[in-house]
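One structure is given here, and the rest of the page talks about it.
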Amino acid sequence: MSKPEFVESLNCRKLSCPLPILKTKKAIDKLEVGQVLEMVATDPGSLPDVTAWARQTQHKLVHHEKQNDEFYFYIEKTH
Amino acid sequence: MTDGNKKKKLAMIASKGTLDMAYPPLLLATTAAAMDYEVGIFFTFYGLDIINKKKYKKLKVSPIANPAAPMPVPNMLGMLPGMTGMATKMMKSWMNNANVAKLPELLEIAQESGVILFGCQMTMDVMGVKETDLLEGITTCGAANFLDFASDADVTLFI
């Protein structure tokens with residue numbers, strides 16, 4: 001799957017847990033329902049963390065991929 | 001929110017006032033708040049230092065009886081003057097290099113995101129801590145008040 005379209009990109013490279021999650025939450029709050037956020041992290045724990053966060057908050061992790069040592073997440077605001 | 005409209009709830013007790021033990025409750029609290037949980041932390045005994053204006057920026061970690069300390073040294077040496085300061089400095093630089101949020105930053109995020117910070121009134125009385133010694137926005141209360149908050153929590157932790 002190719003990268004979905006997104007309205008904003010959030011750079012969380014080099015940040016440790018839980019800062020990528022805290023920043024993602026803040027960024028999602030500012031979006032409109034249906035818009036997609038791109039978040040880029042280097043924390044190796046970010047994949048299970050973002051997945052769990054999306055499950056708990058019920059926002060939609062539309063797509064994610066790993067490029068070299070960077071994790072790209074695409075999260076759609078659902079409510 | 002997975003359970004209809006009722007938010008999940010996390011209730012924690014922070015009972016330790018060392019630098020290393022101040023992190024877990026604040027990291028978990030801010031993360032849970034970001035996951036739309038309702039969160040409260042009861043700061044009691046030494047944990048009260050984490051929300052003490054005069055102390056929260058000066059929390060320390062000791063190498064004594066702490067084999068996992070940033071600077072693992074024999075206890076005999078750990079007792080020497082300056083060793084706690086050295087271990088504290090070392091831990092802070094490690095946290096900094098790994099880009100972990102600093103404690104004051106975490107406290108600010110916690111308060112911004114609605115985490116309730118309960119200050120233990122009994123500890124304040126015992127240790128001579130006044131309400132004005134604590135950070136702004138602390139709810140001072142006793143055990144019963146915190147238990148009332150925690151009684152329907154989904155996750156409870158004692159740290």
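Chains: A, B, ... in order of the structure tokens. Residues: from 1 per chain. Ligands: from 1, in order shown.
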Which residues, written as a count of residues only, have at least one atom at most 6 Å from range 35-38 of chain B, with only C-alpha atoms counted and residues fewer than 3 positions away on the same chain left out? 6
Just the strand (DSSP E) stuff from range 19-76 of chain A, please, per backbone DSSP, written as a list in words. Val36, Leu37, Glu38, Met39, Val40, Ala41, Lys60, Leu61, Val62, His63, His64, Glu65, Lys66, Gln67, Glu70, Phe71, Tyr72, Phe73, Tyr74, Ile75 and Glu76 of chain A
Could the residues of chain B within 12 Å of chain A, counting only C-alpha atoms, be given as a ChimeraX atom specification, please? /B:1-5,7-8,23-24,26-37,94-102,105-106,109-110,112-113
Output of the above residues as an mmCIF file, in the first residue's frame, restricted to N, CA and C atoms:
```cif
data_model
loop_
_atom_site.group_PDB
_atom_site.id
_atom_site.type_symbol
_atom_site.label_atom_id
_atom_site.label_comp_id
_atom_site.auth_asym_id
_atom_site.auth_seq_id
_atom_site.Cartn_x
_atom_site.Cartn_y
_atom_site.Cartn_z
ATOM 1 N N MET B 1 -11.662 5.503 24.127
ATOM 2 C CA MET B 1 -12.804 5.082 24.947
ATOM 3 C C MET B 1 -13.376 3.793 24.386
ATOM 4 N N THR B 2 -13.181 2.723 25.063
ATOM 5 C CA THR B 2 -13.620 1.453 24.514
ATOM 6 C C THR B 2 -14.950 1.008 25.106
ATOM 7 N N ASP B 3 -15.306 1.577 26.222
ATOM 8 C CA ASP B 3 -16.467 1.079 26.949
ATOM 9 C C ASP B 3 -17.581 2.122 26.943
ATOM 10 N N GLY B 4 -18.268 2.203 25.810
ATOM 11 C CA GLY B 4 -19.321 3.197 25.691
ATOM 12 C C GLY B 4 -18.743 4.582 25.884
ATOM 13 N N ASN B 5 -19.364 5.378 26.737
ATOM 14 C CA ASN B 5 -18.868 6.726 26.966
ATOM 15 C C ASN B 5 -18.024 6.832 28.231
ATOM 16 N N LYS B 7 -14.997 6.673 30.431
ATOM 17 C CA LYS B 7 -13.554 6.642 30.237
ATOM 18 C C LYS B 7 -12.939 5.566 31.109
ATOM 19 N N LYS B 8 -11.840 4.996 30.641
ATOM 20 C CA LYS B 8 -11.073 4.117 31.516
ATOM 21 C C LYS B 8 -10.392 4.975 32.559
ATOM 22 N N TYR B 23 9.878 9.093 37.803
ATOM 23 C CA TYR B 23 9.532 8.943 36.390
ATOM 24 C C TYR B 23 8.339 8.024 36.111
ATOM 25 N N PRO B 24 8.351 6.791 36.647
ATOM 26 C CA PRO B 24 7.270 5.872 36.233
ATOM 27 C C PRO B 24 5.844 6.415 36.410
ATOM 28 N N LEU B 26 4.772 9.458 36.409
ATOM 29 C CA LEU B 26 4.493 10.573 35.501
ATOM 30 C C LEU B 26 4.467 10.133 34.035
ATOM 31 N N LEU B 27 5.342 9.194 33.679
ATOM 32 C CA LEU B 27 5.320 8.681 32.306
ATOM 33 C C LEU B 27 4.006 7.937 32.044
ATOM 34 N N LEU B 28 3.611 7.115 33.002
ATOM 35 C CA LEU B 28 2.375 6.346 32.821
ATOM 36 C C LEU B 28 1.151 7.265 32.843
ATOM 37 N N ALA B 29 1.176 8.248 33.709
ATOM 38 C CA ALA B 29 0.028 9.165 33.816
ATOM 39 C C ALA B 29 -0.175 9.943 32.518
ATOM 40 N N THR B 30 0.911 10.494 31.975
ATOM 41 C CA THR B 30 0.774 11.305 30.761
ATOM 42 C C THR B 30 0.356 10.433 29.578
ATOM 43 N N THR B 31 0.908 9.216 29.524
ATOM 44 C CA THR B 31 0.543 8.313 28.433
ATOM 45 C C THR B 31 -0.927 7.923 28.537
ATOM 46 N N ALA B 32 -1.353 7.569 29.747
ATOM 47 C CA ALA B 32 -2.759 7.188 29.925
ATOM 48 C C ALA B 32 -3.684 8.345 29.562
ATOM 49 N N ALA B 33 -3.310 9.552 29.942
ATOM 50 C CA ALA B 33 -4.135 10.717 29.598
ATOM 51 C C ALA B 33 -4.215 10.877 28.084
ATOM 52 N N ALA B 34 -3.094 10.599 27.404
ATOM 53 C CA ALA B 34 -3.086 10.678 25.940
ATOM 54 C C ALA B 34 -3.940 9.584 25.328
ATOM 55 N N MET B 35 -4.215 8.532 26.098
ATOM 56 C CA MET B 35 -5.075 7.449 25.626
ATOM 57 C C MET B 35 -6.508 7.655 26.105
ATOM 58 N N ASP B 36 -6.811 8.875 26.495
ATOM 59 C CA ASP B 36 -8.153 9.260 26.932
ATOM 60 C C ASP B 36 -8.588 8.627 28.244
ATOM 61 N N TYR B 37 -7.645 8.207 29.076
ATOM 62 C CA TYR B 37 -7.978 7.710 30.405
ATOM 63 C C TYR B 37 -8.207 8.894 31.348
ATOM 64 N N TRP B 94 22.089 10.663 31.068
ATOM 65 C CA TRP B 94 21.599 9.526 30.283
ATOM 66 C C TRP B 94 20.205 9.793 29.752
ATOM 67 N N MET B 95 19.344 10.266 30.645
ATOM 68 C CA MET B 95 17.958 10.531 30.254
ATOM 69 C C MET B 95 17.929 11.592 29.167
ATOM 70 N N ASN B 96 18.797 12.575 29.328
ATOM 71 C CA ASN B 96 18.859 13.673 28.378
ATOM 72 C C ASN B 96 19.314 13.176 27.008
ATOM 73 N N ASN B 97 20.338 12.327 27.004
ATOM 74 C CA ASN B 97 20.855 11.812 25.733
ATOM 75 C C ASN B 97 19.821 10.962 25.009
ATOM 76 N N ALA B 98 18.960 10.304 25.770
ATOM 77 C CA ALA B 98 17.937 9.453 25.154
ATOM 78 C C ALA B 98 16.670 10.252 24.842
ATOM 79 N N ASN B 99 16.734 11.571 25.045
ATOM 80 C CA ASN B 99 15.577 12.436 24.793
ATOM 81 C C ASN B 99 14.328 12.019 25.554
ATOM 82 N N VAL B 100 14.508 11.648 26.802
ATOM 83 C CA VAL B 100 13.366 11.376 27.657
ATOM 84 C C VAL B 100 12.897 12.733 28.197
ATOM 85 N N ALA B 101 11.604 12.900 28.315
ATOM 86 C CA ALA B 101 11.078 14.172 28.815
ATOM 87 C C ALA B 101 11.590 14.418 30.233
ATOM 88 N N LYS B 102 11.815 15.684 30.567
ATOM 89 C CA LYS B 102 12.260 16.002 31.917
ATOM 90 C C LYS B 102 11.057 16.042 32.859
ATOM 91 N N GLU B 105 8.698 18.986 32.748
ATOM 92 C CA GLU B 105 7.935 18.946 31.505
ATOM 93 C C GLU B 105 6.780 17.944 31.631
ATOM 94 N N LEU B 106 7.077 16.783 32.215
ATOM 95 C CA LEU B 106 6.046 15.753 32.384
ATOM 96 C C LEU B 106 4.941 16.227 33.323
ATOM 97 N N ILE B 109 2.782 18.584 31.335
ATOM 98 C CA ILE B 109 1.914 17.863 30.404
ATOM 99 C C ILE B 109 0.790 17.171 31.175
ATOM 100 N N ALA B 110 1.152 16.583 32.329
ATOM 101 C CA ALA B 110 0.148 15.892 33.141
ATOM 102 C C ALA B 110 -0.969 16.854 33.523
ATOM 103 N N GLU B 112 -1.731 19.778 32.155
ATOM 104 C CA GLU B 112 -2.436 20.246 30.952
ATOM 105 C C GLU B 112 -3.468 19.237 30.482
ATOM 106 N N SER B 113 -3.122 17.949 30.617
ATOM 107 C CA SER B 113 -4.023 16.940 30.069
ATOM 108 C C SER B 113 -5.010 16.416 31.114
#
```
Based on DSSP run over this structure's backbone, return all residues of chain B in alpha helix (DSSP H), as a PyMOL selection string. chain B and resi 19-34+75-78+83-97+103-112+121-127+143-150
Near-Ser9 in chain A list (8 Å; only C-alpha atoms; drop same-chain fewer than 5 positions) as a ChimeraX atom specification: /A:37-40
Put those residues in a file: all heavy atoms, as a tab-separated table (two decimals), in the first residue's frame.
```
chain	number	residue	atom	x	y	z
A	37	LEU	N	-2.97	12.15	9.96
A	37	LEU	CA	-1.70	12.67	10.48
A	37	LEU	C	-0.59	11.70	10.12
A	37	LEU	O	-0.74	10.48	10.28
A	37	LEU	CB	-1.80	12.80	12.01
A	37	LEU	CG	-0.50	13.18	12.74
A	37	LEU	CD1	-0.24	14.68	12.64
A	37	LEU	CD2	-0.55	12.76	14.21
A	38	GLU	N	0.52	12.24	9.65
A	38	GLU	CA	1.71	11.41	9.49
A	38	GLU	C	2.59	11.63	10.71
A	38	GLU	O	2.82	12.76	11.11
A	38	GLU	CB	2.49	11.81	8.23
A	38	GLU	CG	3.77	10.99	8.06
A	38	GLU	CD	4.68	11.50	6.94
A	38	GLU	OE1	5.20	12.64	7.07
A	38	GLU	OE2	4.87	10.79	5.95
A	39	MET	N	3.05	10.53	11.32
A	39	MET	CA	3.98	10.66	12.45
A	39	MET	C	5.20	9.80	12.16
A	39	MET	O	5.08	8.65	11.76
A	39	MET	CB	3.28	10.22	13.74
A	39	MET	CG	4.04	10.59	15.01
A	39	MET	SD	5.28	9.39	15.49
A	39	MET	CE	4.28	8.27	16.47
A	40	VAL	N	6.37	10.39	12.33
A	40	VAL	CA	7.61	9.67	12.07
A	40	VAL	C	8.38	9.52	13.37
A	40	VAL	O	8.65	10.51	14.06
A	40	VAL	CB	8.49	10.41	11.05
A	40	VAL	CG1	9.65	9.51	10.61
A	40	VAL	CG2	7.67	10.84	9.85
```
Using CA of His79 in chain A and CA of Val33 in chain A as the two end points, give the distance in Å to one decimal. 5.7 Å
Would you pick out the contacts of Ser15 in chain B at 9 Å or less, using only C-alpha atoms, so that residues sharing its chain but fewer than 3 positions from it are not included, and give the list as number ranges by chain? B: 21-22, 42-48, 158-159
Restrict the selected residues to all heavy atoms and save them as a tab-separated table (two decimals), in the first residue's frame.
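The result, written out as part-v1.tsv:
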```
chain	number	residue	atom	x	y	z
B	21	MET	N	12.45	7.03	40.74
B	21	MET	CA	11.10	6.58	41.05
B	21	MET	C	10.04	7.63	40.77
B	21	MET	O	8.83	7.38	40.91
B	21	MET	CB	11.02	6.11	42.50
B	21	MET	CG	11.84	4.87	42.77
B	21	MET	SD	11.45	3.51	41.66
B	21	MET	CE	10.16	2.71	42.59
B	22	ALA	N	10.47	8.83	40.40
B	22	ALA	CA	9.51	9.88	40.06
B	22	ALA	C	9.04	9.71	38.62
B	22	ALA	O	7.94	10.14	38.26
B	22	ALA	CB	10.14	11.25	40.24
B	42	PHE	N	-1.81	9.82	43.58
B	42	PHE	CA	-1.80	10.21	44.99
B	42	PHE	C	-0.34	10.26	45.45
B	42	PHE	O	0.33	9.22	45.49
B	42	PHE	CB	-2.60	9.18	45.80
B	42	PHE	CG	-2.83	9.54	47.24
B	42	PHE	CD1	-3.55	10.68	47.60
B	42	PHE	CD2	-2.37	8.71	48.26
B	42	PHE	CE1	-3.79	10.99	48.93
B	42	PHE	CE2	-2.61	9.02	49.60
B	42	PHE	CZ	-3.32	10.17	49.93
B	43	PHE	N	0.16	11.46	45.73
B	43	PHE	CA	1.55	11.61	46.15
B	43	PHE	C	1.61	11.55	47.67
B	43	PHE	O	1.08	12.43	48.36
B	43	PHE	CB	2.12	12.94	45.66
B	43	PHE	CG	2.22	13.01	44.16
B	43	PHE	CD1	1.16	13.50	43.41
B	43	PHE	CD2	3.36	12.59	43.50
B	43	PHE	CE1	1.24	13.57	42.02
B	43	PHE	CE2	3.46	12.65	42.11
B	43	PHE	CZ	2.39	13.14	41.38
B	44	THR	N	2.26	10.51	48.16
B	44	THR	CA	2.27	10.31	49.60
B	44	THR	C	3.68	9.99	50.10
B	44	THR	O	4.54	9.58	49.33
B	44	THR	CB	1.27	9.20	49.99
B	44	THR	OG1	1.19	9.10	51.40
B	44	THR	CG2	1.68	7.85	49.43
B	45	PHE	N	3.92	10.18	51.39
B	45	PHE	CA	5.26	10.02	51.96
B	45	PHE	C	6.31	10.73	51.09
B	45	PHE	O	6.11	11.87	50.72
B	45	PHE	CB	5.55	8.54	52.23
B	45	PHE	CG	4.79	8.05	53.44
B	45	PHE	CD1	3.49	7.58	53.34
B	45	PHE	CD2	5.36	8.14	54.71
B	45	PHE	CE1	2.78	7.19	54.46
B	45	PHE	CE2	4.65	7.75	55.84
B	45	PHE	CZ	3.36	7.28	55.72
B	46	TYR	N	7.39	10.04	50.77
B	46	TYR	CA	8.47	10.73	50.04
B	46	TYR	C	8.03	11.16	48.65
B	46	TYR	O	8.62	12.06	48.05
B	46	TYR	CB	9.71	9.85	49.97
B	46	TYR	CG	10.17	9.39	51.33
B	46	TYR	CD1	10.12	8.05	51.70
B	46	TYR	CD2	10.62	10.32	52.27
B	46	TYR	CE1	10.52	7.64	52.96
B	46	TYR	CE2	11.01	9.92	53.54
B	46	TYR	CZ	10.95	8.58	53.88
B	46	TYR	OH	11.33	8.17	55.13
B	47	GLY	N	7.00	10.50	48.14
B	47	GLY	CA	6.48	10.85	46.82
B	47	GLY	C	5.99	12.29	46.75
B	47	GLY	O	5.91	12.87	45.67
B	48	LEU	N	5.68	12.85	47.90
B	48	LEU	CA	5.20	14.24	47.95
B	48	LEU	C	6.25	15.22	47.40
B	48	LEU	O	5.90	16.28	46.88
B	48	LEU	CB	4.82	14.60	49.39
B	48	LEU	CG	3.96	15.85	49.57
B	48	LEU	CD1	2.57	15.67	48.95
B	48	LEU	CD2	3.82	16.22	51.04
B	158	PHE	N	0.84	0.91	42.51
B	158	PHE	CA	1.54	1.48	43.66
B	158	PHE	C	3.02	1.57	43.30
B	158	PHE	O	3.63	0.56	42.96
B	158	PHE	CB	1.35	0.59	44.89
B	158	PHE	CG	2.07	1.09	46.10
B	158	PHE	CD1	1.49	2.02	46.95
B	158	PHE	CD2	3.36	0.66	46.39
B	158	PHE	CE1	2.15	2.50	48.06
B	158	PHE	CE2	4.05	1.13	47.50
B	158	PHE	CZ	3.44	2.05	48.34
B	159	ILE	N	3.55	2.78	43.31
B	159	ILE	CA	4.93	2.95	42.88
B	159	ILE	C	5.76	3.57	43.99
B	159	ILE	O	5.37	4.59	44.52
B	159	ILE	CB	5.01	3.82	41.60
B	159	ILE	CG1	4.27	3.09	40.47
B	159	ILE	CG2	6.46	4.07	41.20
B	159	ILE	CD1	4.13	3.87	39.19
```
Gap from CA of Lys6 in chain B to CA of Gly45 in chain A - Å, one decimal: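 Here the two named atoms are 28.2 Å from each other.
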From the list B:Leu157, B:Ile116, B:Tyr56, B:Ala69, the nearest residue to Pro25 in chain B using only C-alpha atoms is B:Leu157
What is the distance, in Å and to one decimal place, between CA of Lys66 in chain A and CA of Glu8 in chain A?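 CA of Glu8 in chain A lies at a distance of 18.7 Å from CA of Lys66 in chain A.
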Determine the nearest neighbour of Phe6 in chain A from the options A:Val36, A:Thr78, A:His64, A:Val50, counting only C-alpha atoms.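 Of all the options, A:Val36 lies closest to Phe6 in chain A.
The residue that comes closest to Gln67 in chain A, out of A:Ser46, A:Cys12, A:Ala41, A:Thr51 and on the basis of only C-alpha atoms, is A:Ala41.
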Residues at most 9 Å from range 130-139 of chain B, counting only C-alpha atoms, excluding those fewer than 2 positions away in the same chain, as a PyMOL selection string? chain B and resi 48-49+51-54+111+116-121+124-125+128+141
Show which residues sit within 10 Å of range 80-90 of chain B, as an NGL selection string. Count only C-alpha atoms, and ignore same-chain residues fewer than 3 positions away. :B and (18-20 or 58-64 or 69-73 or 75-77 or 93-96)
Output file for the selection above: N, CA and C atoms, as a PDB file, in the first residue's frame:
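Everything below was put into selection-v3.pdb:
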```
ATOM      1  N   THR B  18      12.696   9.639  44.947  1.00  0.00           N
ATOM      2  CA  THR B  18      13.992   9.691  44.261  1.00  0.00           C
ATOM      3  C   THR B  18      13.763   9.938  42.774  1.00  0.00           C
ATOM      4  N   LEU B  19      14.798  10.425  42.115  1.00  0.00           N
ATOM      5  CA  LEU B  19      14.684  10.792  40.704  1.00  0.00           C
ATOM      6  C   LEU B  19      14.188   9.625  39.855  1.00  0.00           C
ATOM      7  N   ASP B  20      14.752   8.441  40.094  1.00  0.00           N
ATOM      8  CA  ASP B  20      14.373   7.280  39.275  1.00  0.00           C
ATOM      9  C   ASP B  20      12.926   6.860  39.516  1.00  0.00           C
ATOM     10  N   LYS B  58      15.051  19.023  42.112  1.00  0.00           N
ATOM     11  CA  LYS B  58      16.309  18.594  42.728  1.00  0.00           C
ATOM     12  C   LYS B  58      16.262  17.164  43.237  1.00  0.00           C
ATOM     13  N   LEU B  59      15.384  16.343  42.680  1.00  0.00           N
ATOM     14  CA  LEU B  59      15.311  14.959  43.127  1.00  0.00           C
ATOM     15  C   LEU B  59      16.617  14.245  42.773  1.00  0.00           C
ATOM     16  N   LYS B  60      16.990  13.307  43.623  1.00  0.00           N
ATOM     17  CA  LYS B  60      18.284  12.636  43.444  1.00  0.00           C
ATOM     18  C   LYS B  60      18.120  11.120  43.393  1.00  0.00           C
ATOM     19  N   VAL B  61      19.154  10.466  42.880  1.00  0.00           N
ATOM     20  CA  VAL B  61      19.198   9.010  42.914  1.00  0.00           C
ATOM     21  C   VAL B  61      20.478   8.600  43.632  1.00  0.00           C
ATOM     22  N   SER B  62      20.345   7.646  44.541  1.00  0.00           N
ATOM     23  CA  SER B  62      21.500   7.244  45.342  1.00  0.00           C
ATOM     24  C   SER B  62      22.116   5.941  44.830  1.00  0.00           C
ATOM     25  N   PRO B  63      23.439   5.839  44.851  1.00  0.00           N
ATOM     26  CA  PRO B  63      24.070   4.581  44.435  1.00  0.00           C
ATOM     27  C   PRO B  63      24.089   3.547  45.556  1.00  0.00           C
ATOM     28  N   ILE B  64      23.715   3.964  46.778  1.00  0.00           N
ATOM     29  CA  ILE B  64      23.794   3.024  47.900  1.00  0.00           C
ATOM     30  C   ILE B  64      22.678   1.980  47.833  1.00  0.00           C
ATOM     31  N   ALA B  69      22.163   1.180  39.879  1.00  0.00           N
ATOM     32  CA  ALA B  69      22.326   2.634  39.778  1.00  0.00           C
ATOM     33  C   ALA B  69      23.177   2.995  38.563  1.00  0.00           C
ATOM     34  N   PRO B  70      23.032   4.252  38.096  1.00  0.00           N
ATOM     35  CA  PRO B  70      23.809   4.686  36.941  1.00  0.00           C
ATOM     36  C   PRO B  70      25.303   4.432  37.143  1.00  0.00           C
ATOM     37  N   MET B  71      25.740   4.518  38.387  1.00  0.00           N
ATOM     38  CA  MET B  71      27.152   4.335  38.667  1.00  0.00           C
ATOM     39  C   MET B  71      27.249   3.224  39.711  1.00  0.00           C
ATOM     40  N   PRO B  72      27.247   1.954  39.278  1.00  0.00           N
ATOM     41  CA  PRO B  72      27.245   0.894  40.279  1.00  0.00           C
ATOM     42  C   PRO B  72      28.572   0.861  41.026  1.00  0.00           C
ATOM     43  N   VAL B  73      28.550   1.246  42.276  1.00  0.00           N
ATOM     44  CA  VAL B  73      29.777   1.251  43.081  1.00  0.00           C
ATOM     45  C   VAL B  73      29.500   0.471  44.361  1.00  0.00           C
ATOM     46  N   ASN B  75      28.818  -0.329  48.109  1.00  0.00           N
ATOM     47  CA  ASN B  75      28.103   0.524  49.068  1.00  0.00           C
ATOM     48  C   ASN B  75      29.049   1.385  49.900  1.00  0.00           C
ATOM     49  N   MET B  76      30.184   0.813  50.272  1.00  0.00           N
ATOM     50  CA  MET B  76      31.150   1.559  51.088  1.00  0.00           C
ATOM     51  C   MET B  76      31.550   2.867  50.395  1.00  0.00           C
ATOM     52  N   LEU B  77      31.760   2.791  49.082  1.00  0.00           N
ATOM     53  CA  LEU B  77      32.158   3.989  48.339  1.00  0.00           C
ATOM     54  C   LEU B  77      30.963   4.907  48.104  1.00  0.00           C
ATOM     55  N   SER B  93      22.081  12.881  32.685  1.00  0.00           N
ATOM     56  CA  SER B  93      22.678  13.012  31.359  1.00  0.00           C
ATOM     57  C   SER B  93      22.261  11.834  30.471  1.00  0.00           C
ATOM     58  N   TRP B  94      22.089  10.663  31.068  1.00  0.00           N
ATOM     59  CA  TRP B  94      21.599   9.526  30.283  1.00  0.00           C
ATOM     60  C   TRP B  94      20.205   9.793  29.752  1.00  0.00           C
ATOM     61  N   MET B  95      19.344  10.266  30.645  1.00  0.00           N
ATOM     62  CA  MET B  95      17.958  10.531  30.254  1.00  0.00           C
ATOM     63  C   MET B  95      17.929  11.592  29.167  1.00  0.00           C
ATOM     64  N   ASN B  96      18.797  12.575  29.328  1.00  0.00           N
ATOM     65  CA  ASN B  96      18.859  13.673  28.378  1.00  0.00           C
ATOM     66  C   ASN B  96      19.314  13.176  27.008  1.00  0.00           C
TER      67      ASN B  96
END
```
Which residues come within 10 Å of Glu32 in chain A, counting only C-alpha atoms, excluding same-chain residues fewer than 2 positions away, as a PyMOL selection string? chain A and resi 7+28-30+34-36+76-79
